[in-house]
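Shown next: input-v8.csv, containing CSV, C-alpha atoms.
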```csv
chain,number,residue,atom,x,y,z
J,6,MET,CA,-28.9,4.0,5.4
J,7,ALA,CA,-33.0,4.8,11.1
J,8,PHE,CA,-29.9,3.2,10.8
J,9,LEU,CA,-32.4,3.5,13.7
J,10,LYS,CA,-31.5,7.1,14.3
J,11,VAL,CA,-28.9,5.5,16.5
J,12,LEU,CA,-27.1,3.3,14.1
J,13,LEU,CA,-26.5,3.2,10.4
J,14,LEU,CA,-24.7,0.4,8.7
J,15,LEU,CA,-24.0,0.0,5.0
J,16,GLY,CA,-22.5,-2.6,2.8
J,17,LEU,CA,-23.0,-6.3,3.3
J,18,GLY,CA,-21.0,-9.4,2.9
J,19,VAL,CA,-23.2,-12.5,2.7
J,20,SER,CA,-22.5,-16.2,2.3
J,21,VAL,CA,-25.1,-18.7,1.2
J,22,ASN,CA,-25.5,-20.3,4.6
J,23,SER,CA,-24.4,-17.3,6.7
J,24,ALA,CA,-26.1,-14.3,8.0
J,25,VAL,CA,-24.9,-10.9,6.9
J,26,SER,CA,-21.3,-9.9,7.5
J,27,LEU,CA,-21.2,-6.7,9.4
J,28,GLN,CA,-17.7,-5.6,8.6
J,29,LYS,CA,-19.0,-2.5,7.0
J,30,ARG,CA,-21.6,0.2,7.9
J,31,ILE,CA,-22.5,3.7,8.6
J,32,ILE,CA,-23.4,4.4,12.2
J,33,GLY,CA,-25.5,7.2,13.9
J,34,GLY,CA,-27.8,8.1,11.0
J,35,HIS,CA,-31.4,8.6,10.0
J,36,ASP,CA,-33.7,7.7,7.1
J,37,CYS,CA,-32.8,9.6,4.0
J,38,ALA,CA,-35.7,11.5,2.5
J,39,ASP,CA,-37.3,9.7,-0.4
J,40,THR,CA,-36.7,12.7,-2.6
J,41,GLU,CA,-32.9,12.8,-2.1
J,42,ARG,CA,-30.1,10.5,-3.2
J,43,ARG,CA,-32.1,8.9,-5.9
J,44,TYR,CA,-28.8,8.5,-7.7
J,45,HIS,CA,-27.5,6.1,-5.1
J,46,VAL,CA,-26.6,2.6,-6.5
J,47,ARG,CA,-25.7,-0.7,-5.0
J,48,LEU,CA,-22.6,-2.4,-6.3
J,49,ARG,CA,-22.7,-6.1,-5.8
J,50,ARG,CA,-20.0,-8.7,-6.4
J,51,ILE,CA,-20.9,-12.4,-6.6
J,52,ASN,CA,-18.0,-14.9,-6.3
J,53,GLY,CA,-19.3,-18.4,-5.6
J,54,GLU,CA,-21.0,-18.3,-2.2
J,55,ILE,CA,-19.7,-14.9,-1.3
J,56,ILE,CA,-21.6,-11.7,-2.0
J,57,THR,CA,-20.1,-8.3,-1.2
J,58,VAL,CA,-21.7,-4.9,-1.5
J,59,CYS,CA,-20.6,-1.3,-1.9
J,60,GLY,CA,-22.2,2.0,-2.7
J,61,GLY,CA,-21.9,4.3,-5.7
J,62,SER,CA,-23.5,7.3,-7.5
J,63,LEU,CA,-25.0,7.7,-10.9
J,64,ILE,CA,-23.3,10.9,-12.3
J,65,HIS,CA,-24.1,10.4,-15.9
J,66,PRO,CA,-26.8,8.2,-17.6
J,67,GLN,CA,-24.1,5.6,-18.2
J,68,TRP,CA,-21.4,6.2,-15.5
J,69,ILE,CA,-21.1,5.3,-11.8
J,70,LEU,CA,-18.7,7.1,-9.5
J,71,THR,CA,-17.4,4.9,-6.7
J,72,ALA,CA,-14.2,3.7,-5.0
J,73,ALA,CA,-11.7,1.4,-6.7
J,74,ASP,CA,-11.8,-0.9,-3.6
J,75,CYS,CA,-15.3,-1.9,-4.8
J,76,TRP,CA,-14.0,-3.8,-7.9
J,77,GLU,CA,-12.3,-7.2,-8.3
J,78,SER,CA,-11.2,-8.4,-11.7
J,79,SER,CA,-10.9,-12.1,-10.5
J,80,PRO,CA,-13.6,-14.6,-11.5
J,81,GLY,CA,-17.0,-13.5,-10.4
J,82,ILE,CA,-19.9,-11.2,-11.4
J,83,ASN,CA,-19.9,-7.5,-10.8
J,84,GLU,CA,-23.3,-5.9,-10.8
J,85,VAL,CA,-24.7,-2.3,-10.5
J,86,ILE,CA,-28.2,-2.1,-9.1
J,87,VAL,CA,-30.0,1.2,-9.7
J,88,LYS,CA,-33.3,2.4,-8.2
J,89,VAL,CA,-32.5,1.1,-4.8
J,90,HIS,CA,-33.9,4.3,-3.1
J,91,PRO,CA,-36.6,4.8,-2.3
J,92,ARG,CA,-36.9,1.0,-1.7
J,93,ALA,CA,-40.4,1.0,-3.3
J,94,ASN,CA,-38.8,1.6,-6.7
J,95,GLU,CA,-38.3,-1.3,-9.0
J,96,GLU,CA,-34.6,-2.2,-8.9
J,97,ASN,CA,-32.8,-2.4,-12.2
J,98,THR,CA,-29.6,-4.6,-12.4
J,99,HIS,CA,-26.7,-4.1,-14.9
J,100,ILE,CA,-24.0,-6.7,-15.2
J,101,ILE,CA,-20.6,-5.0,-15.7
J,102,ARG,CA,-18.4,-6.8,-18.1
J,103,GLN,CA,-16.1,-3.9,-19.1
J,104,ASP,CA,-13.1,-3.1,-17.0
J,105,PRO,CA,-13.5,0.1,-14.9
J,106,GLU,CA,-11.7,3.4,-15.3
J,107,VAL,CA,-9.4,3.8,-12.3
J,108,TYR,CA,-7.3,7.0,-11.7
J,109,VAL,CA,-3.6,6.3,-12.1
J,110,ASP,CA,-0.8,8.9,-11.5
J,111,GLN,CA,2.8,7.9,-12.3
J,112,GLY,CA,1.9,4.2,-12.2
J,113,GLN,CA,0.1,4.5,-8.8
J,114,LYS,CA,-3.6,3.7,-8.6
J,115,HIS,CA,-5.8,6.0,-6.5
J,116,ASN,CA,-8.9,4.7,-4.8
J,117,ILE,CA,-11.4,6.3,-7.1
J,118,MET,CA,-13.2,4.6,-10.0
J,119,LEU,CA,-15.7,5.0,-12.8
J,120,LEU,CA,-17.9,2.1,-14.0
J,121,LYS,CA,-19.6,2.3,-17.4
J,122,LEU,CA,-23.1,0.8,-17.6
J,123,PRO,CA,-23.9,-1.4,-20.6
J,124,ARG,CA,-27.0,0.8,-21.3
J,125,PRO,CA,-28.0,4.3,-20.2
J,126,VAL,CA,-30.3,5.0,-17.3
J,127,THR,CA,-32.8,7.7,-18.3
J,128,ASP,CA,-35.3,7.6,-15.5
J,129,VAL,CA,-33.2,8.4,-12.4
J,130,PRO,CA,-32.0,11.9,-11.4
J,131,LEU,CA,-28.3,12.2,-11.7
J,132,ALA,CA,-25.9,13.2,-8.9
J,133,ARG,CA,-24.5,16.8,-9.2
J,134,LEU,CA,-20.8,17.1,-9.5
J,135,PRO,CA,-19.1,19.6,-7.2
J,136,ASP,CA,-18.4,23.3,-7.5
J,137,CYS,CA,-14.7,23.1,-6.7
J,138,SER,CA,-14.4,26.8,-6.1
J,139,LYS,CA,-16.5,26.2,-2.9
J,140,ARG,CA,-15.0,23.2,-1.3
J,141,PRO,CA,-16.1,22.3,2.2
J,142,LYS,CA,-13.8,23.6,4.9
J,143,VAL,CA,-12.9,22.4,8.4
J,144,GLY,CA,-16.1,22.7,10.5
J,145,ASP,CA,-18.5,22.5,7.6
J,146,ILE,CA,-21.2,19.8,7.8
J,147,VAL,CA,-21.3,17.1,5.0
J,148,GLN,CA,-23.7,14.2,4.6
J,149,LEU,CA,-22.7,10.6,4.1
J,150,GLY,CA,-25.2,8.0,2.8
J,151,GLY,CA,-25.5,4.2,2.5
J,152,GLU,CA,-27.6,1.2,3.3
J,153,GLY,CA,-27.0,-1.8,5.5
J,154,ILE,CA,-27.1,-3.4,9.0
J,155,THR,CA,-28.4,-1.5,12.0
J,156,THR,CA,-26.7,-3.0,15.1
J,157,ILE,CA,-23.3,-3.1,16.7
J,158,GLY,CA,-22.0,-5.2,19.6
J,159,PRO,CA,-20.9,-4.4,23.1
J,160,ASN,CA,-18.2,-1.6,23.4
J,161,ASN,CA,-19.0,-0.6,19.7
J,162,ARG,CA,-17.4,-3.8,18.4
J,163,ARG,CA,-18.3,-4.7,14.8
J,164,LEU,CA,-20.7,-7.7,14.5
J,165,HIS,CA,-20.7,-10.4,11.9
J,166,ILE,CA,-24.5,-11.0,11.7
J,167,GLY,CA,-27.4,-8.7,11.6
J,168,PHE,CA,-30.3,-7.3,9.5
J,169,ALA,CA,-30.1,-4.8,6.7
J,170,ALA,CA,-31.8,-1.5,7.1
J,171,LYS,CA,-35.1,-1.2,5.2
J,172,HIS,CA,-34.3,2.4,4.1
J,173,LEU,CA,-31.3,4.2,2.8
J,174,GLN,CA,-29.5,6.0,5.6
J,175,CYS,CA,-28.0,9.5,5.9
J,176,VAL,CA,-25.6,10.8,8.5
J,177,ASP,CA,-24.2,14.3,9.0
J,178,MET,CA,-20.6,14.8,10.0
J,179,LYS,CA,-18.2,17.7,10.3
J,180,VAL,CA,-15.1,18.1,8.1
J,181,VAL,CA,-12.1,17.8,10.5
J,182,GLN,CA,-9.3,17.7,8.0
J,183,VAL,CA,-9.1,19.1,4.5
J,184,SER,CA,-7.5,17.4,1.5
J,185,GLN,CA,-4.2,15.7,1.9
J,186,PHE,CA,-2.4,12.9,-0.1
J,187,ARG,CA,-2.3,9.4,1.3
J,188,PRO,CA,-0.4,6.8,-0.7
J,189,ARG,CA,-3.0,4.0,-0.3
J,190,ASP,CA,-6.0,6.1,-1.4
J,191,GLY,CA,-4.9,9.3,-3.1
J,192,TYR,CA,-6.3,12.6,-2.0
J,193,ILE,CA,-8.6,12.4,1.0
J,194,PHE,CA,-10.3,14.6,3.5
J,195,ARG,CA,-11.7,13.4,6.8
J,196,THR,CA,-15.0,13.8,8.6
J,197,ALA,CA,-16.1,13.0,12.2
J,198,GLU,CA,-19.0,13.4,14.7
J,199,PRO,CA,-19.5,11.7,18.1
J,200,ASN,CA,-21.2,8.2,17.8
J,201,THR,CA,-21.1,8.2,14.0
J,202,ASP,CA,-19.0,6.2,11.6
J,203,ALA,CA,-18.7,4.6,8.2
J,204,CYS,CA,-17.2,1.2,7.7
J,205,TYR,CA,-15.7,-1.1,5.1
J,206,SER,CA,-18.5,-1.7,2.6
J,207,ASP,CA,-20.0,1.8,3.0
J,208,ILE,CA,-17.1,2.4,0.7
J,209,GLY,CA,-18.1,4.1,-2.5
J,210,GLY,CA,-21.1,6.0,-1.2
J,211,ALA,CA,-21.4,9.7,-1.8
J,212,VAL,CA,-20.4,12.5,0.6
J,213,VAL,CA,-22.6,15.5,-0.2
J,214,PHE,CA,-22.2,19.2,0.6
J,215,ASN,CA,-24.7,21.9,-0.7
J,216,GLY,CA,-26.5,19.2,-2.7
J,217,MET,CA,-23.3,18.2,-4.7
J,218,ILE,CA,-20.9,15.2,-4.4
J,219,TYR,CA,-17.6,16.3,-3.0
J,220,GLY,CA,-16.4,13.0,-1.7
J,221,VAL,CA,-16.5,9.2,-2.0
J,222,ILE,CA,-16.4,7.2,1.2
J,223,THR,CA,-13.4,5.1,2.0
J,224,VAL,CA,-12.5,4.0,5.5
J,225,ASP,CA,-9.6,2.8,7.8
J,226,ARG,CA,-9.8,-0.7,9.1
J,227,SER,CA,-10.7,-1.1,12.7
J,228,HIS,CA,-12.4,-3.8,14.9
J,229,PHE,CA,-14.4,-1.1,16.6
J,230,ALA,CA,-16.8,1.6,15.4
J,231,CYS,CA,-16.5,5.3,16.1
J,232,LYS,CA,-12.8,5.3,16.9
J,233,LYS,CA,-11.4,7.2,13.9
J,234,PRO,CA,-12.6,10.0,11.5
J,235,VAL,CA,-14.0,8.7,8.3
J,236,SER,CA,-11.6,9.0,5.3
J,237,VAL,CA,-13.2,10.5,2.1
J,238,ILE,CA,-11.8,10.6,-1.4
J,239,ASP,CA,-11.7,14.2,-2.5
J,240,VAL,CA,-13.7,14.4,-5.7
J,241,CYS,CA,-12.4,17.9,-6.6
J,242,GLU,CA,-8.9,16.5,-6.9
J,243,TYR,CA,-10.1,14.3,-9.7
J,244,ILE,CA,-12.8,16.4,-11.3
J,245,GLY,CA,-10.9,17.0,-14.6
J,246,TRP,CA,-10.4,13.3,-15.0
J,247,ILE,CA,-14.0,12.5,-14.2
J,248,LYS,CA,-15.4,15.0,-16.8
J,249,THR,CA,-12.9,13.9,-19.5
J,250,LYS,CA,-13.8,10.2,-19.0
J,251,THR,CA,-17.6,10.6,-18.7
J,252,ARG,CA,-18.4,13.9,-20.4
J,253,ALA,CA,-20.5,14.6,-17.3
J,254,LYS,CA,-21.3,18.3,-16.6
```
Mind converting the file's structure to structure tokens?
Amino acid sequence: MAFLKVLLLLGLGVSVNSAVSLQKRIIGGHDCADTERRYHVRLRRINGEIITVCGGSLIHPQWILTAADCWESSPGINEVIVKVHPRANEENTHIIRQDPEVYVDQGQKHNIMLLKLPRPVTDVPLARLPDCSKRPKVGDIVQLGGEGITTIGPNNRRLHIGFAAKHLQCVDMKVVQVSQFRPRDGYIFRTAEPNTDACYSDIGGAVVFNGMIYGVITVDRSHFACKKPVSVIDVCEYIGWIKTKTRAK
């Protein structure tokens, strides 16, 4: 998710007779090393002719950390696909039938979610949870990751058709704003770098600092790429809840 070393686009929306919807992507990235982000998973929802895709991270043999925006409880099939990176791995699909764990505070849902797999995954390295005594500060470099389409239109306009990247993409960005509360999402920090971006279905992918997950990608809606900083769910604000639900270390 190189996203041509120029563009990195993640998350797809596909219809049976359509090309790929490009309302979601990371831009300005490079091929992730085959030895990193092995924990990256693809979340796929199938509802009739429509397929939508998000990212997520395996943080425990049976638990995925992602964004609540990646789940719909209406009729359809929700799948988690592991071993998507490196692409040579044999993918392994899990159908999710159990409702997710979504963080709720005083009746308000935050945009962070845990999905429990029906069976453990024992042959994939797990993502490392953060050391919250050493959170990234303004100016620190973090890495975002995802997979998807590799082109944008004139004037950075988001396209509706294109081709998925053949390799998971990574992109480095600076932290430009530390954690704050936003009613729609919960606690977020923001990242930015010239000519880079993350878009709608990049949602759920990991934001990594010092080899640990400190954030989950969520984004603001825009018809154009590279106009706003990327919004990131601050995992440290939810670390107690995550560990209690999953017993992850």
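The nearest approach to Glu41 in chain J among the residues J:His99, J:Ala253, J:Glu77, J:Gln174, with all atoms listed in the file taken into account, belongs to J:Gln174.
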>> Taking all atoms listed in the file into account, name the residue in J:Thr98, J:Ser184, J:Asn116, J:Asn83 that is nearest to Ile208 in chain J.
In response: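 Going through J:Thr98, J:Ser184, J:Asn116, J:Asn83 one by one, the smallest distance to Ile208 in chain J is for J:Asn116.
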> What gap, in Å, lies between CA of Val224 in chain J and CA of Lys179 in chain J?
Replying inline: 15.6 Å
> Any idea what the distance is between CA of Gly61 in chain J and CA of Arg92 in chain J?
Replying inline: 15.9 Å
> What lies within 8 Å of Pro141 in chain J using all atoms listed in the file, ignoring chain neighbours under 3 positions off, as a PyMOL selection string?
Replying inline: chain J and resi 145-147+180+214
> Which is closest to Lys250 in chain J among J:Gly81, J:Pro105, J:Gly150, J:Gly216, if we use only C-alpha atoms?
Replying inline: J:Pro105
>> For Ala197 in chain J, find every residue with an atom within 8 Å (counting only C-alpha atoms), except residues of its own chain fewer than 3 positions away, and show them as a ChimeraX atom specification.
In response: /J:178-181,201-202,233-235
> Using all atoms listed in the file, which residue out of J:Cys175, J:Gln148, J:Ile247, J:Arg252 lies closest to Val213 in chain J?
Replying inline: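 That would be J:Gln148, the residue with the smallest distance to Val213 in chain J.
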>> Please report the interatomic distance between CA of Glu106 in chain J and CA of Cys37 in chain J in Å with one decimal.
In response: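 Separation of CA of Glu106 in chain J and CA of Cys37 in chain J: 29.3 Å.
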>> Using only C-alpha atoms for the distances, tell me which of J:Thr196, J:Ser62, J:Ser78, J:Gln67 is nearest to Arg50 in chain J.
In response: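 That would be J:Ser78, the residue with the smallest distance to Arg50 in chain J.
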>> Give me the residues near Pro130 in chain J as a PyMOL selection string, where near means some atom within 9 Å (using all atoms listed in the file) and where sequence neighbours in that chain fewer than 4 positions away do not count.
In response: chain J and resi 42-44+63-64+66
Residue selection dump (C-alpha atoms) as a PDB file, in the frame of the given file:
```pdb
ATOM      1  CA  ARG J  42     -30.100  10.500  -3.200  1.00  0.00           C
ATOM      2  CA  ARG J  43     -32.100   8.900  -5.900  1.00  0.00           C
ATOM      3  CA  TYR J  44     -28.800   8.500  -7.700  1.00  0.00           C
ATOM      4  CA  LEU J  63     -25.000   7.700 -10.900  1.00  0.00           C
ATOM      5  CA  ILE J  64     -23.300  10.900 -12.300  1.00  0.00           C
ATOM      6  CA  PRO J  66     -26.800   8.200 -17.600  1.00  0.00           C
TER       7      PRO J  66
END
```
>> Nearest residue to Asn94 in chain J out of J:His172, J:Lys248, J:Arg189, J:Arg195, using only C-alpha atoms?
In response: J:His172
> Neighbours of Glu84 in chain J within 6 Å (all atoms listed in the file; same-chain residues fewer than 6 positions away dropped), as a list in words?
Replying inline: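 Final neighbour list, sorted by chain and number: Leu48, Arg49, His99, Ile100 and Ile101 of chain J.
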Quick one: write out the picked residues with C-alpha atoms as a short mmCIF file (atom, residue, chain, number, x, y, z; two decimals), in the coordinates of the input?
```cif
data_model
loop_
_atom_site.label_atom_id
_atom_site.label_comp_id
_atom_site.auth_asym_id
_atom_site.auth_seq_id
_atom_site.Cartn_x
_atom_site.Cartn_y
_atom_site.Cartn_z
CA LEU J 48 -22.60 -2.40 -6.30
CA ARG J 49 -22.70 -6.10 -5.80
CA HIS J 99 -26.70 -4.10 -14.90
CA ILE J 100 -24.00 -6.70 -15.20
CA ILE J 101 -20.60 -5.00 -15.70
#
```
Where atoms are lacking, range 56-67 of chain J completed to all heavy atoms, as a PDB file, keeping the file's coordinate frame:
```
ATOM      1  N   ILE J  56     -21.069 -12.886  -1.397  1.00  0.00           N
ATOM      2  CA  ILE J  56     -21.600 -11.700  -2.000  1.00  0.00           C
ATOM      3  C   ILE J  56     -21.103 -10.486  -1.173  1.00  0.00           C
ATOM      4  O   ILE J  56     -21.224 -10.477   0.053  1.00  0.00           O
ATOM      5  CB  ILE J  56     -23.145 -11.666  -1.991  1.00  0.00           C
ATOM      6  CG1 ILE J  56     -23.684 -12.841  -2.813  1.00  0.00           C
ATOM      7  CG2 ILE J  56     -23.680 -10.341  -2.547  1.00  0.00           C
ATOM      8  CD1 ILE J  56     -25.194 -12.975  -2.743  1.00  0.00           C
ATOM      9  N   THR J  57     -20.513  -9.500  -1.833  1.00  0.00           N
ATOM     10  CA  THR J  57     -20.100  -8.300  -1.200  1.00  0.00           C
ATOM     11  C   THR J  57     -20.766  -7.089  -1.818  1.00  0.00           C
ATOM     12  O   THR J  57     -21.101  -7.126  -3.001  1.00  0.00           O
ATOM     13  CB  THR J  57     -18.570  -8.098  -1.196  1.00  0.00           C
ATOM     14  OG1 THR J  57     -18.120  -8.159  -2.549  1.00  0.00           O
ATOM     15  CG2 THR J  57     -17.873  -9.175  -0.389  1.00  0.00           C
ATOM     16  N   VAL J  58     -20.967  -6.037  -1.027  1.00  0.00           N
ATOM     17  CA  VAL J  58     -21.700  -4.900  -1.500  1.00  0.00           C
ATOM     18  C   VAL J  58     -21.001  -3.591  -1.178  1.00  0.00           C
ATOM     19  O   VAL J  58     -20.383  -3.456  -0.128  1.00  0.00           O
ATOM     20  CB  VAL J  58     -23.131  -4.864  -0.811  1.00  0.00           C
ATOM     21  CG1 VAL J  58     -23.910  -3.610  -1.186  1.00  0.00           C
ATOM     22  CG2 VAL J  58     -23.921  -6.099  -1.206  1.00  0.00           C
ATOM     23  N   CYS J  59     -21.067  -2.652  -2.100  1.00  0.00           N
ATOM     24  CA  CYS J  59     -20.600  -1.300  -1.900  1.00  0.00           C
ATOM     25  C   CYS J  59     -21.651  -0.306  -2.346  1.00  0.00           C
ATOM     26  O   CYS J  59     -22.719  -0.707  -2.826  1.00  0.00           O
ATOM     27  CB  CYS J  59     -19.342  -1.042  -2.819  1.00  0.00           C
ATOM     28  SG  CYS J  59     -17.757  -1.588  -2.178  1.00  0.00           S
ATOM     29  N   GLY J  60     -21.352   0.973  -2.206  1.00  0.00           N
ATOM     30  CA  GLY J  60     -22.200   2.000  -2.700  1.00  0.00           C
ATOM     31  C   GLY J  60     -21.598   2.704  -3.922  1.00  0.00           C
ATOM     32  O   GLY J  60     -20.434   2.487  -4.252  1.00  0.00           O
ATOM     33  N   GLY J  61     -22.376   3.545  -4.571  1.00  0.00           N
ATOM     34  CA  GLY J  61     -21.900   4.300  -5.700  1.00  0.00           C
ATOM     35  C   GLY J  61     -22.939   5.362  -6.083  1.00  0.00           C
ATOM     36  O   GLY J  61     -24.032   5.404  -5.504  1.00  0.00           O
ATOM     37  N   SER J  62     -22.604   6.197  -7.069  1.00  0.00           N
ATOM     38  CA  SER J  62     -23.500   7.300  -7.500  1.00  0.00           C
ATOM     39  C   SER J  62     -23.565   7.390  -8.980  1.00  0.00           C
ATOM     40  O   SER J  62     -22.528   7.361  -9.670  1.00  0.00           O
ATOM     41  CB  SER J  62     -22.997   8.622  -6.894  1.00  0.00           C
ATOM     42  OG  SER J  62     -22.922   8.569  -5.489  1.00  0.00           O
ATOM     43  N   LEU J  63     -24.773   7.541  -9.490  1.00  0.00           N
ATOM     44  CA  LEU J  63     -25.000   7.700 -10.900  1.00  0.00           C
ATOM     45  C   LEU J  63     -24.750   9.214 -11.243  1.00  0.00           C
ATOM     46  O   LEU J  63     -25.528  10.077 -10.839  1.00  0.00           O
ATOM     47  CB  LEU J  63     -26.424   7.342 -11.284  1.00  0.00           C
ATOM     48  CG  LEU J  63     -26.786   7.328 -12.770  1.00  0.00           C
ATOM     49  CD1 LEU J  63     -26.083   6.176 -13.485  1.00  0.00           C
ATOM     50  CD2 LEU J  63     -28.304   7.221 -12.947  1.00  0.00           C
ATOM     51  N   ILE J  64     -23.646   9.515 -11.945  1.00  0.00           N
ATOM     52  CA  ILE J  64     -23.300  10.900 -12.300  1.00  0.00           C
ATOM     53  C   ILE J  64     -23.538  11.250 -13.717  1.00  0.00           C
ATOM     54  O   ILE J  64     -23.394  12.404 -14.129  1.00  0.00           O
ATOM     55  CB  ILE J  64     -21.824  11.201 -11.889  1.00  0.00           C
ATOM     56  CG1 ILE J  64     -20.871  10.311 -12.699  1.00  0.00           C
ATOM     57  CG2 ILE J  64     -21.591  11.031 -10.391  1.00  0.00           C
ATOM     58  CD1 ILE J  64     -19.410  10.731 -12.599  1.00  0.00           C
ATOM     59  N   HIS J  65     -23.904  10.259 -14.500  1.00  0.00           N
ATOM     60  CA  HIS J  65     -24.100  10.400 -15.900  1.00  0.00           C
ATOM     61  C   HIS J  65     -25.037   9.201 -16.292  1.00  0.00           C
ATOM     62  O   HIS J  65     -25.007   8.174 -15.599  1.00  0.00           O
ATOM     63  CB  HIS J  65     -22.777  10.297 -16.669  1.00  0.00           C
ATOM     64  CG  HIS J  65     -22.855  10.285 -18.165  1.00  0.00           C
ATOM     65  ND1 HIS J  65     -23.171   9.149 -18.885  1.00  0.00           N
ATOM     66  CD2 HIS J  65     -22.625  11.267 -19.078  1.00  0.00           C
ATOM     67  CE1 HIS J  65     -23.146   9.441 -20.184  1.00  0.00           C
ATOM     68  NE2 HIS J  65     -22.816  10.708 -20.323  1.00  0.00           N
ATOM     69  N   PRO J  66     -25.884   9.302 -17.321  1.00  0.00           N
ATOM     70  CA  PRO J  66     -26.800   8.200 -17.600  1.00  0.00           C
ATOM     71  C   PRO J  66     -26.084   6.828 -17.750  1.00  0.00           C
ATOM     72  O   PRO J  66     -26.720   5.790 -17.582  1.00  0.00           O
ATOM     73  CB  PRO J  66     -27.435   8.607 -18.941  1.00  0.00           C
ATOM     74  CG  PRO J  66     -27.439  10.096 -18.881  1.00  0.00           C
ATOM     75  CD  PRO J  66     -26.153  10.475 -18.203  1.00  0.00           C
ATOM     76  N   GLN J  67     -24.767   6.841 -18.027  1.00  0.00           N
ATOM     77  CA  GLN J  67     -24.100   5.600 -18.200  1.00  0.00           C
ATOM     78  C   GLN J  67     -22.831   5.409 -17.362  1.00  0.00           C
ATOM     79  O   GLN J  67     -22.067   4.464 -17.572  1.00  0.00           O
ATOM     80  CB  GLN J  67     -23.702   5.409 -19.709  1.00  0.00           C
ATOM     81  CG  GLN J  67     -23.834   3.994 -20.212  1.00  0.00           C
ATOM     82  CD  GLN J  67     -23.791   3.884 -21.718  1.00  0.00           C
ATOM     83  OE1 GLN J  67     -23.926   4.873 -22.443  1.00  0.00           O
ATOM     84  NE2 GLN J  67     -23.615   2.669 -22.215  1.00  0.00           N
TER      85      GLN J  67
END
```
